[in-house]
>>> print(open('target-v4.cif').read())   # mmCIF, C-alpha atoms
data_run
loop_
_atom_site.label_atom_id
_atom_site.label_comp_id
_atom_site.auth_asym_id
_atom_site.auth_seq_id
_atom_site.Cartn_x
_atom_site.Cartn_y
_atom_site.Cartn_z
CA MET A 1276 23.82 28.68 -37.38
CA LEU A 1277 20.06 29.13 -37.00
CA PHE A 1278 20.27 27.92 -33.40
CA ARG A 1279 23.02 30.44 -32.69
CA LEU A 1280 20.89 33.21 -34.14
CA PHE A 1281 18.04 32.07 -31.92
CA GLN A 1282 20.37 32.20 -28.89
CA TRP A 1283 21.41 35.76 -29.76
CA LEU A 1284 17.78 36.80 -30.14
CA LEU A 1285 17.16 35.28 -26.73
CA VAL A 1286 20.03 37.35 -25.28
CA LEU A 1287 18.47 40.50 -26.73
CA LEU A 1288 15.08 39.54 -25.31
CA LEU A 1289 16.60 38.93 -21.87
CA ILE A 1290 18.43 42.28 -21.92
CA TYR A 1291 15.13 43.90 -22.89
CA LEU A 1292 13.48 42.12 -19.94
CA LEU A 1293 16.26 43.30 -17.62
CA ILE A 1294 15.77 46.91 -18.69
CA THR A 1295 11.99 46.59 -18.43
CA ALA A 1296 12.30 45.04 -14.97
CA VAL A 1297 14.40 47.97 -13.74
CA GLY A 1298 11.67 50.29 -15.01
CA MET A 1299 9.11 48.18 -13.14
CA ILE A 1300 11.02 48.47 -9.87
CA GLY A 1301 11.32 52.22 -10.33
CA SER A 1302 7.65 52.60 -11.07
CA GLY A 1303 6.60 50.22 -8.28
CA PHE A 1304 8.86 51.86 -5.71
CA LYS A 1305 7.61 55.30 -6.64
CA GLY A 1306 4.05 54.07 -6.14
CA ALA A 1307 4.79 52.23 -2.90
CA SER A 1308 6.76 55.04 -1.28
CA LYS A 1309 4.40 57.80 -2.49
CA GLY A 1310 7.28 60.27 -2.45
CA HIS A 1311 8.47 59.11 0.98
CA ALA A 1312 11.31 56.86 -0.16
CA THR A 1313 13.71 58.47 2.29
CA GLU A 1314 11.45 57.60 5.25
CA LEU A 1315 10.96 54.08 3.89
CA PHE A 1316 14.71 53.60 3.77
CA ALA A 1317 15.33 55.53 6.99
CA PHE A 1318 17.36 52.60 8.33
CA ALA A 1319 19.84 53.11 5.49
CA THR A 1320 20.62 56.68 6.51
CA ASN A 1321 23.34 54.93 8.48
CA PRO A 1322 25.80 54.30 5.61
CA PHE A 1323 27.08 51.12 7.25
CA MET A 1324 23.52 49.81 7.23
CA GLY A 1325 23.42 50.54 3.50
CA LEU A 1326 26.72 48.71 3.15
CA ILE A 1327 25.43 45.67 5.04
CA VAL A 1328 22.28 45.59 2.88
CA GLY A 1329 24.48 45.53 -0.23
CA VAL A 1330 26.84 42.87 1.18
CA ILE A 1331 24.17 40.50 2.47
CA ALA A 1332 21.77 40.89 -0.48
CA THR A 1333 24.60 40.15 -2.93
CA ALA A 1334 26.05 37.34 -0.85
CA MET A 1335 22.59 35.71 -0.64
CA ILE A 1336 21.74 35.86 -4.34
CA GLN A 1337 25.36 35.72 -5.50
CA SER A 1338 24.96 38.35 -8.19
CA SER A 1339 26.17 41.91 -7.88
CA SER A 1340 24.66 42.73 -11.28
CA THR A 1341 21.19 41.84 -9.95
CA VAL A 1342 21.65 43.89 -6.79
CA THR A 1343 23.07 46.96 -8.54
CA SER A 1344 20.29 46.82 -11.16
CA ILE A 1345 17.71 46.69 -8.35
CA ILE A 1346 19.46 49.65 -6.68
CA VAL A 1347 19.25 51.60 -9.96
CA GLY A 1348 15.53 50.83 -10.05
CA LEU A 1349 15.10 51.94 -6.43
CA VAL A 1350 16.95 55.21 -7.09
CA ALA A 1351 14.68 55.76 -10.09
CA GLY A 1352 11.78 55.26 -7.68
CA GLY A 1353 13.03 57.89 -5.25
CA LEU A 1354 15.72 56.27 -3.08
CA PRO A 1355 18.32 59.03 -2.47
CA VAL A 1356 21.63 58.44 -4.27
CA GLU A 1357 23.48 59.17 -1.02
CA MET A 1358 21.82 56.16 0.60
CA ALA A 1359 22.39 53.97 -2.44
CA VAL A 1360 26.17 54.55 -2.68
CA PRO A 1361 27.13 52.36 0.33
CA MET A 1362 24.76 49.67 -0.98
CA VAL A 1363 26.65 49.60 -4.29
CA MET A 1364 29.94 49.35 -2.39
CA GLY A 1365 28.47 46.52 -0.34
CA ALA A 1366 27.45 44.70 -3.51
CA ASN A 1367 31.11 44.73 -4.53
CA ILE A 1368 32.08 42.92 -1.32
CA GLY A 1369 29.10 40.56 -1.40
CA THR A 1370 29.89 39.31 -4.88
CA THR A 1371 33.29 38.00 -3.79
CA ILE A 1372 31.64 35.26 -1.73
CA THR A 1373 30.96 33.28 -4.92
CA ASN A 1374 34.57 32.65 -5.90
CA THR A 1375 35.46 32.03 -2.25
CA ILE A 1376 32.86 29.25 -2.17
CA VAL A 1377 34.18 27.92 -5.48
CA SER A 1378 37.67 27.72 -3.94
CA LEU A 1379 36.28 25.50 -1.16
CA GLY A 1380 35.83 22.81 -3.81
CA HIS A 1381 39.60 22.25 -3.64
CA ILE A 1382 39.45 21.40 0.07
CA ASN A 1383 40.63 17.80 -0.39
CA ARG A 1384 44.05 18.76 -1.73
CA LYS A 1385 45.91 21.00 0.71
CA LYS A 1386 48.35 22.74 -1.65
CA GLU A 1387 45.71 23.20 -4.33
CA PHE A 1388 43.26 24.58 -1.75
CA ARG A 1389 45.85 27.06 -0.48
CA ARG A 1390 46.42 28.42 -3.98
CA ALA A 1391 42.72 28.45 -4.91
CA PHE A 1392 41.68 30.10 -1.63
CA ALA A 1393 44.37 32.78 -2.05
CA ALA A 1394 43.17 33.48 -5.61
CA ALA A 1395 39.62 33.92 -4.32
CA THR A 1396 40.39 35.98 -1.24
CA VAL A 1397 42.74 38.40 -3.01
CA HIS A 1398 39.54 39.76 -4.58
CA ASP A 1399 37.91 39.99 -1.12
CA PHE A 1400 40.88 41.81 0.40
CA PHE A 1401 41.00 44.23 -2.49
CA ASN A 1402 37.29 45.03 -2.20
CA LEU A 1403 37.49 45.36 1.58
CA LEU A 1404 40.44 47.72 1.27
CA ALA A 1405 38.58 49.73 -1.37
CA VAL A 1406 35.59 50.17 0.96
CA ALA A 1407 37.87 51.01 3.90
CA ILE A 1408 39.42 53.82 1.83
CA PHE A 1409 36.49 55.11 -0.21
CA LEU A 1410 33.49 54.80 2.11
CA PRO A 1411 34.72 57.23 4.82
CA ILE A 1412 35.81 59.71 2.12
CA GLU A 1413 32.43 59.35 0.42
CA ILE A 1414 30.54 59.86 3.71
CA LEU A 1415 32.50 63.04 4.39
CA PHE A 1416 32.91 64.64 0.95
CA HIS A 1417 30.78 62.65 -1.57
CA PRO A 1418 33.40 62.81 -4.35
CA LEU A 1419 32.04 59.81 -6.25
CA GLN A 1420 28.48 61.06 -6.03
CA LYS A 1421 29.53 64.53 -7.22
CA ALA A 1422 31.69 63.23 -10.07
CA ALA A 1423 28.93 60.85 -11.21
CA GLY A 1424 26.38 63.66 -11.05
CA PHE A 1425 28.71 65.85 -13.10
CA LEU A 1426 29.08 63.15 -15.75
CA ALA A 1427 25.39 62.16 -15.76
CA THR A 1428 24.08 65.68 -16.33
CA PRO A 1429 25.32 66.12 -19.92
CA LEU A 1430 24.23 62.58 -20.76
CA VAL A 1431 20.67 63.21 -19.61
CA GLY A 1432 18.75 66.08 -21.15
CA GLY A 1433 15.74 67.18 -23.12
CA GLU A 1434 12.28 67.82 -21.84
CA ASN A 1435 11.52 64.26 -20.87
CA MET A 1436 14.90 63.89 -19.12
CA SER A 1437 15.63 60.57 -20.77
CA VAL A 1438 19.13 59.44 -21.67
CA LYS A 1439 20.19 61.28 -24.82
CA GLY A 1440 20.20 59.05 -27.87
CA LEU A 1441 18.44 56.32 -25.94
CA ASP A 1442 15.00 57.86 -26.03
CA PHE A 1443 13.70 54.82 -27.85
CA ILE A 1444 13.96 52.75 -24.66
CA LYS A 1445 10.88 54.12 -22.92
CA PRO A 1446 8.39 53.52 -25.75
CA LEU A 1447 9.76 49.98 -25.99
CA THR A 1448 9.43 49.15 -22.30
CA LYS A 1449 6.31 51.12 -21.44
CA PRO A 1450 3.72 48.66 -22.90
CA VAL A 1451 5.20 45.68 -21.01
CA ILE A 1452 5.43 47.65 -17.75
CA ALA A 1453 1.79 48.72 -18.26
CA GLU A 1454 0.77 45.05 -18.73
CA PHE A 1455 2.55 44.06 -15.52
CA LYS A 1456 0.95 47.01 -13.71
CA THR A 1457 -2.50 45.79 -14.81
CA LEU A 1458 -1.61 42.29 -13.67
CA ALA A 1459 -0.41 43.61 -10.29
CA HIS A 1460 -3.65 45.58 -9.88
CA MET A 1461 -5.64 42.45 -10.69
CA ILE A 1462 -3.82 40.53 -7.94
CA SER A 1463 -4.21 43.26 -5.33
CA GLU A 1464 -5.43 46.81 -5.74
CA GLN A 1465 -3.73 48.07 -2.57
CA GLY A 1466 -0.48 46.16 -2.86
CA ALA A 1467 -0.08 46.64 -6.64
CA SER A 1468 3.12 48.69 -6.32
CA VAL A 1469 4.79 46.14 -4.05
CA ILE A 1470 3.76 43.33 -6.40
CA LEU A 1471 5.25 45.30 -9.30
CA ILE A 1472 8.55 45.57 -7.40
CA ILE A 1473 8.49 41.81 -6.75
CA PHE A 1474 7.82 41.14 -10.44
CA GLY A 1475 10.72 43.45 -11.29
CA ILE A 1476 13.15 41.77 -8.88
CA PHE A 1477 12.12 38.33 -10.13
CA LEU A 1478 12.54 39.37 -13.77
CA ILE A 1479 15.97 40.93 -13.15
CA PHE A 1480 17.11 37.83 -11.29
CA MET A 1481 15.91 35.45 -14.00
CA SER A 1482 17.12 37.53 -16.93
CA ILE A 1483 20.60 37.93 -15.43
CA ILE A 1484 20.84 34.20 -14.68
CA PHE A 1485 19.76 33.16 -18.18
CA VAL A 1486 21.64 35.86 -20.04
CA GLY A 1487 24.76 34.78 -18.14
CA ARG A 1488 24.24 31.13 -19.09
CA LEU A 1489 23.63 31.97 -22.74
CA LEU A 1490 26.54 34.37 -22.99
CA LYS A 1491 28.84 31.80 -21.42
CA LYS A 1492 28.06 29.46 -24.32
CA LEU A 1493 28.08 32.16 -26.98
CA MET A 1494 31.15 34.01 -25.80
CA VAL A 1495 33.41 31.24 -24.59
CA GLY A 1496 35.42 31.31 -27.84
CA ARG A 1497 35.95 35.05 -27.71
CA ALA A 1498 36.75 34.91 -23.98
CA LYS A 1499 39.39 32.28 -24.72
CA ARG A 1500 40.97 34.44 -27.42
CA ILE A 1501 41.12 37.43 -25.07
CA MET A 1502 42.67 35.37 -22.29
CA HIS A 1503 45.19 33.77 -24.66
CA GLY A 1504 46.11 37.24 -25.83
CA SER A 1505 46.76 38.56 -22.33
CA ILE A 1506 49.19 35.81 -21.30
CA GLY A 1507 52.68 37.14 -20.67
CA ARG A 1508 51.67 40.74 -21.24
CA GLY A 1509 51.65 42.18 -17.75
CA PRO A 1510 49.05 43.45 -15.27
CA VAL A 1511 47.38 46.16 -17.38
CA SER A 1512 46.56 43.59 -20.03
CA GLY A 1513 45.24 41.35 -17.23
CA ILE A 1514 42.93 44.10 -15.96
CA LEU A 1515 41.68 44.83 -19.48
CA SER A 1516 41.04 41.20 -20.31
CA GLY A 1517 39.25 40.68 -16.96
CA ALA A 1518 37.00 43.63 -17.74
CA ILE A 1519 36.25 42.53 -21.30
CA VAL A 1520 35.57 38.89 -20.39
CA THR A 1521 33.21 40.10 -17.62
CA ILE A 1522 31.36 42.34 -20.06
CA LEU A 1523 31.07 39.41 -22.47
CA VAL A 1524 29.62 37.01 -19.90
CA GLN A 1525 27.83 39.74 -17.89
CA SER A 1526 28.98 38.37 -14.56
CA SER A 1527 31.98 39.19 -12.39
CA SER A 1528 31.30 36.11 -10.25
CA THR A 1529 31.75 33.93 -13.33
CA THR A 1530 35.07 35.46 -14.35
CA THR A 1531 36.53 35.56 -10.85
CA SER A 1532 35.33 32.01 -10.15
CA LEU A 1533 36.87 30.92 -13.42
CA MET A 1534 40.27 32.02 -12.15
CA VAL A 1535 40.08 29.92 -8.99
CA PRO A 1536 40.68 26.47 -10.56
CA LEU A 1537 43.33 27.99 -12.83
CA ALA A 1538 45.18 29.19 -9.74
CA GLY A 1539 44.47 25.98 -7.83
CA SER A 1540 46.21 23.87 -10.45
CA GLY A 1541 49.30 26.04 -10.02
CA VAL A 1542 49.44 26.96 -13.71
CA PHE A 1543 48.53 30.60 -13.04
CA ARG A 1544 50.26 32.53 -10.27
CA LEU A 1545 48.40 34.68 -7.76
CA LYS A 1546 50.10 37.77 -9.21
CA GLN A 1547 48.59 36.96 -12.61
CA ILE A 1548 45.10 36.26 -11.23
CA TYR A 1549 44.99 39.48 -9.17
CA PRO A 1550 44.76 42.03 -12.04
CA PHE A 1551 42.26 39.87 -13.88
CA THR A 1552 39.86 39.93 -10.90
CA LEU A 1553 40.22 43.71 -10.69
CA GLY A 1554 39.20 43.95 -14.32
CA ALA A 1555 36.11 41.90 -13.42
CA ASN A 1556 35.18 44.60 -10.89
CA ILE A 1557 35.18 47.19 -13.68
CA GLY A 1558 33.50 44.99 -16.27
CA THR A 1559 30.54 44.21 -14.03
CA THR A 1560 29.55 47.89 -13.82
CA ILE A 1561 28.24 47.74 -17.38
CA THR A 1562 25.06 45.99 -16.20
CA ALA A 1563 23.98 48.86 -13.95
CA LEU A 1564 24.78 51.34 -16.73
CA LEU A 1565 22.62 49.28 -19.06
CA ALA A 1566 19.89 49.14 -16.43
CA ALA A 1567 20.01 52.94 -16.07
CA THR A 1568 19.04 53.37 -19.72
CA ALA A 1569 15.61 51.99 -18.74
CA ILE A 1570 14.81 55.03 -16.67
CA SER A 1571 13.26 58.15 -18.05
CA GLY A 1572 11.49 61.02 -16.35
CA ASP A 1573 12.49 62.99 -13.27
CA HIS A 1574 14.81 60.38 -11.85
CA ALA A 1575 16.67 59.42 -15.03
CA ILE A 1576 19.66 61.50 -14.06
CA LEU A 1577 19.78 59.96 -10.58
CA ALA A 1578 19.54 56.41 -11.94
CA LEU A 1579 22.43 57.11 -14.28
CA GLN A 1580 24.29 58.82 -11.46
CA ILE A 1581 24.22 55.76 -9.21
CA ALA A 1582 25.24 53.51 -12.12
CA LEU A 1583 28.16 55.87 -12.78
CA VAL A 1584 29.05 55.85 -9.07
CA HIS A 1585 29.47 52.07 -9.39
CA PHE A 1586 31.69 52.52 -12.46
CA LEU A 1587 33.78 55.39 -11.04
CA TYR A 1588 34.18 53.66 -7.68
CA ASN A 1589 35.61 50.52 -9.25
CA CYS A 1590 37.86 52.42 -11.66
CA SER A 1591 39.16 54.69 -8.88
CA ALA A 1592 39.78 51.74 -6.57
CA VAL A 1593 41.84 49.98 -9.24
CA LEU A 1594 43.76 53.15 -10.06
CA LEU A 1595 44.49 53.99 -6.44
CA ILE A 1596 45.12 50.60 -4.89
CA PHE A 1597 46.76 48.91 -7.85
CA GLY A 1598 48.57 52.11 -8.81
CA ILE A 1599 50.36 52.48 -5.46
CA LYS A 1600 52.87 49.70 -4.91
CA LYS A 1601 52.47 49.52 -1.14
CA LEU A 1602 48.69 49.41 -1.35
CA ARG A 1603 48.80 46.94 -4.26
CA ARG A 1604 50.70 44.44 -2.13
CA LEU A 1605 48.25 44.50 0.80
CA PRO A 1606 45.53 42.29 -0.78
CA LEU A 1607 48.21 39.86 -1.97
CA ARG A 1608 49.77 39.63 1.48
CA GLY A 1609 46.37 39.26 3.14
CA ALA A 1610 45.34 36.50 0.76
CA ILE A 1611 48.62 34.59 1.13
CA TRP A 1612 48.52 34.84 4.92
CA LEU A 1613 44.90 33.74 5.17
CA SER A 1614 45.26 30.90 2.68
CA ARG A 1615 48.20 29.49 4.64
CA LEU A 1616 46.16 29.59 7.84
CA ALA A 1617 43.09 28.08 6.18
CA ALA A 1618 45.12 25.30 4.56
CA GLU A 1619 46.40 24.29 8.00
CA LYS A 1620 43.06 24.61 9.82
CA LYS A 1621 39.88 24.71 7.76
CA ILE A 1622 37.93 26.36 10.57
CA TYR A 1623 39.78 29.62 9.79
CA ALA A 1624 38.24 29.65 6.32
CA LEU A 1625 34.76 29.22 7.81
CA VAL A 1626 35.35 31.91 10.44
CA TYR A 1627 36.61 34.22 7.71
CA ILE A 1628 33.57 33.71 5.44
CA VAL A 1629 31.00 34.15 8.22
CA GLY A 1630 33.01 37.01 9.75
CA VAL A 1631 33.62 39.09 6.65
CA PHE A 1632 30.30 38.64 4.91
CA PHE A 1633 27.96 38.65 7.89
CA VAL A 1634 29.49 39.51 11.31
CA LEU A 1635 31.82 42.38 10.33
CA PRO A 1636 29.15 44.45 8.52
CA GLY A 1637 26.84 43.99 11.53
CA LEU A 1638 29.59 45.06 13.89
CA MET A 1639 30.22 48.17 11.82
CA VAL A 1640 26.55 49.17 12.06
CA PHE A 1641 26.69 48.68 15.83
CA ILE A 1642 29.86 50.77 16.22
CA TYR A 1643 28.49 53.54 13.99
CA GLN A 1644 25.33 53.71 16.09
CA LEU A 1645 27.39 53.87 19.27
CA VAL A 1646 29.49 56.70 17.88
CA GLU A 1647 26.38 58.55 16.70
CA MET B 614 81.09 23.29 -11.74
CA GLU B 615 81.45 24.92 -8.31
CA ASN B 616 84.63 22.93 -7.57
CA GLU B 617 86.28 23.91 -10.81
CA ASP B 618 89.47 25.94 -10.58
CA PHE B 619 89.30 29.09 -12.68
CA SER B 620 92.58 30.60 -11.43
CA SER B 621 94.50 29.40 -14.45
CA LEU B 622 92.11 31.11 -16.87
CA SER B 623 92.96 34.48 -18.40
CA GLU B 624 90.66 37.46 -17.80
CA LYS B 625 89.65 37.39 -21.43
CA LYS B 626 88.70 33.74 -21.16
CA LEU B 627 86.78 34.43 -17.94
CA LYS B 628 84.81 37.27 -19.57
CA LYS B 629 83.99 35.02 -22.51
CA LEU B 630 82.79 32.29 -20.14
CA ILE B 631 80.61 34.77 -18.23
CA ARG B 632 79.09 36.02 -21.52
CA GLU B 633 78.34 32.49 -22.63
CA THR B 634 76.88 31.57 -19.25
CA HIS B 635 74.62 34.63 -19.36
CA MET B 636 73.44 33.60 -22.80
CA VAL B 637 72.67 30.08 -21.64
CA LEU B 638 70.85 31.46 -18.59
CA ASP B 639 68.74 33.72 -20.79
CA GLN B 640 67.89 30.82 -23.04
CA LEU B 641 66.97 28.63 -20.08
CA THR B 642 64.77 31.38 -18.57
CA GLN B 643 63.12 31.89 -21.94
CA GLU B 644 62.50 28.16 -22.28
CA LEU B 645 61.06 27.98 -18.77
CA ASN B 646 58.75 30.96 -19.40
CA GLN B 647 57.66 29.49 -22.71
CA ARG B 648 56.78 26.20 -21.03
CA LYS B 649 54.81 28.04 -18.32
CA GLN B 650 52.94 30.04 -20.94
CA ASP B 651 52.23 26.92 -23.00
CA LYS B 652 50.70 25.32 -19.91
CA GLN B 653 48.58 28.45 -19.36
CA HIS B 654 47.38 28.41 -22.97
CA GLU B 655 46.59 24.72 -22.59
CA GLU B 656 44.58 25.41 -19.42
CA ILE B 657 42.62 28.19 -21.15
CA ASN B 658 41.76 25.77 -23.95
CA HIS B 659 39.82 23.76 -21.36
CA ILE B 660 38.01 26.74 -19.95
CA GLU B 661 34.55 25.25 -20.52
CA GLU B 662 35.28 22.68 -17.80
CA HIS B 663 36.21 25.48 -15.40
CA PHE B 664 32.97 27.29 -16.23
CA ASP B 665 31.08 24.16 -15.16
CA GLU B 666 33.18 23.82 -12.04
CA ALA B 667 32.42 27.44 -11.13
CA SER B 668 28.68 26.90 -11.29
CA HIS B 669 28.51 24.01 -8.78
CA ASN B 670 29.57 26.06 -5.79
CA LEU B 671 26.82 25.36 -3.25
CA GLY B 672 27.78 21.69 -3.20
CA ASN B 673 31.31 22.85 -2.36
CA LEU B 674 30.01 24.69 0.69
CA LYS B 675 28.25 21.59 2.01
CA ILE B 676 31.33 19.39 1.57
CA PHE B 677 33.52 22.09 3.13
CA ILE B 678 31.34 22.41 6.25
CA GLN B 679 31.38 18.62 6.66
CA LYS B 680 35.19 18.69 6.42
CA VAL B 681 35.45 21.50 9.00
CA PHE B 682 33.34 19.57 11.49
CA ALA B 683 35.29 16.37 10.79
CA GLU B 684 38.54 18.25 11.42
CA MET B 685 37.19 19.77 14.63
CA THR B 686 36.03 16.44 16.07
CA LYS B 687 39.37 14.88 15.09
CA ASP B 688 41.24 17.61 16.95
CA LYS B 689 39.20 17.01 20.12
#
>>> encode(input="target-v4.cif", output="structure tokens")
Amino acid sequence: MLFRLFQWLLVLLLIYLLITAVGMIGSGFKGASKGHATELFAFATNPFMGLIVGVIATAMIQSSSTVTSIIVGLVAGGLPVEMAVPMVMGANIGTTITNTIVSLGHINRKKEFRRAFAAATVHDFFNLLAVAIFLPIEILFHPLQKAAGFLATPLVGGENMSVKGLDFIKPLTKPVIAEFKTLAHMISEQGASVILIIFGIFLIFMSIIFVGRLLKKLMVGRAKRIMHGSIGRGPVSGILSGAIVTILVQSSSTTTSLMVPLAGSGVFRLKQIYPFTLGANIGTTITALLAATAISGDHAILALQIALVHFLYNCSAVLLIFGIKKLRRLPLRGAIWLSRLAAEKKIYALVYIVGVFFVLPGLMVFIYQLVE
Amino acid sequence: MENEDFSSLSEKKLKKLIRETHMVLDQLTQELNQRKQDKQHEEINHIEEHFDEASHNLGNLKIFIQKVFAEMTKDK
């Protein structure tokens, strides 16, 4: 009992560290860019470049929560929301690499591998389709950015522009950020801001890893109850349980990876796994929203805006793609087709992973530049 | 069953047979679904093992690449 209490206190401490780290990145980036964040991120004015940054960064560190929290920090430091939107979309694609790699563990048993690989790639196909639909619309009309801005404005107010009702966050995080700032100045006077960003990234990374591990242990019972409850209740219940389990364990990679062996064994069908993974997409957005509470000052509204973009994007994608029968079937068909190919010749799986997560985003940047 | 001759049966009897068959089919479908769901519940009870499995994914990548190269050299 006492040990459990200690674990919960540790979770709270880690969430506090996560929020503080986002504040550190914001403060560091503001200092490093000296109001010229747009110039510093000039390469990301090409939205496909932003997308590739999101995909590769998330694929490398295998945590969309970390990447989106860093993006929130960067926006708080002056990175324009417009540039950050494709990065957030890219993080959604990048995170799907984790369950795809998990499915490769079933490589020795052909039938099992086919089912596991389909369960993993249905998430990929869904996220790719979502980007294919929403990114061009966002580039042209910015509906997500506008809607998020509209929602963020009433939530952020007052003279200090901090999130209403969450004004206690800044006084709590400020002393720690100040300590890290002093430490960064001690290491290097000139590079203090960059060092502060590095500290922030490191802290976010570590806190998300450890909070995920702790929550897995603490929440496994509750996650089980939710999953038991959703069996035989249809896709909406699957989406809801996927979202709740992801919020509980604070990691979409964990929940989507969890589904892979369940599909591989043949006990769960692809149609049952599919809505659950979509719920994971929605559930994971809570981390960026949490991270946005760390920001106060001029950019508080923008930090919340980008976190809301992440939330709205995932909700809209589920509503649109899963809501329309013909669109809903596309990720399923894609996953079934690819898994059959990959089960016959494993090289297809390798080509797919390298192609989708690394070559395709690069190709898109190249094409966009040609068109420009 | 398929070779049985139903021509001697009255319409009433046929309707009764169809009703009964439908009932049996429903029961069988229900039983099959229940068994599937029981298996799913059973699998969820062992979710901790799947959590562990999900966290060892980089080893999977290494084994997978070795398999791909083995398959490629075999094909040559």
>>> interface_residues(input="target-v4.cif", of="chain A", to="chain B", cutoff="7 Å", atoms="all atoms listed in the file", output="PDB file with C-alpha atoms, keeping the file's coordinate frame")
ATOM      1  CA  ILE A1376      32.860  29.250  -2.170  1.00  0.00           C
ATOM      2  CA  VAL A1377      34.180  27.920  -5.480  1.00  0.00           C
ATOM      3  CA  LEU A1379      36.280  25.500  -1.160  1.00  0.00           C
ATOM      4  CA  GLY A1380      35.830  22.810  -3.810  1.00  0.00           C
ATOM      5  CA  ILE A1382      39.450  21.400   0.070  1.00  0.00           C
ATOM      6  CA  LYS A1499      39.390  32.280 -24.720  1.00  0.00           C
ATOM      7  CA  HIS A1503      45.190  33.770 -24.660  1.00  0.00           C
ATOM      8  CA  ILE A1506      49.190  35.810 -21.300  1.00  0.00           C
ATOM      9  CA  THR A1529      31.750  33.930 -13.330  1.00  0.00           C
ATOM     10  CA  SER A1532      35.330  32.010 -10.150  1.00  0.00           C
ATOM     11  CA  LEU A1533      36.870  30.920 -13.420  1.00  0.00           C
ATOM     12  CA  PRO A1536      40.680  26.470 -10.560  1.00  0.00           C
ATOM     13  CA  VAL A1542      49.440  26.960 -13.710  1.00  0.00           C
ATOM     14  CA  PHE A1543      48.530  30.600 -13.040  1.00  0.00           C
ATOM     15  CA  LYS A1621      39.880  24.710   7.760  1.00  0.00           C
ATOM     16  CA  ILE A1622      37.930  26.360  10.570  1.00  0.00           C
TER      17      ILE A1622
END
>>> residues_around(input="target-v4.cif", residues="A:Ile1581", least_positions_apart="6", cutoff="7 Å", atoms="all atoms listed in the file", output="list in words")
Val1347, Val1356 and Val1360 of chain A
>>> residues_near_point(input="target-v4.cif", point="(38.8, 38.7, -17.5)", cutoff="6 Å", atoms="only C-alpha atoms", output="list in words")
Ser1516, Gly1517, Ala1518, Ile1519, Val1520, Thr1521, Thr1530, Phe1551 and Ala1555 of chain A
>>> closest_residue(input="target-v4.cif", among="A:Ile1345, A:Leu1410, A:Ala1393, A:Leu1326", to="A:Ala1618", atoms="only C-alpha atoms")
A:Ala1393
>>> atom_distance(input="target-v4.cif", atom1="atom CA of A:Val1631", atom2="atom CA of A:Pro1322")
17.1 Å
>>> atom_distance(input="target-v4.cif", atom1="atom CA of A:Leu1565", atom2="atom CA of A:Ile1470")
23.5 Å
>>> atom_distance(input="target-v4.cif", atom1="atom CA of A:Lys1309", atom2="atom CA of A:Pro1418")
29.5 Å
>>> residues_near_point(input="target-v4.cif", point="(28.9, 35.9, 1.9)", cutoff="6 Å", atoms="all atoms listed in the file", output="PyMOL selection string")
chain A and resi 1334+1369+1372+1632
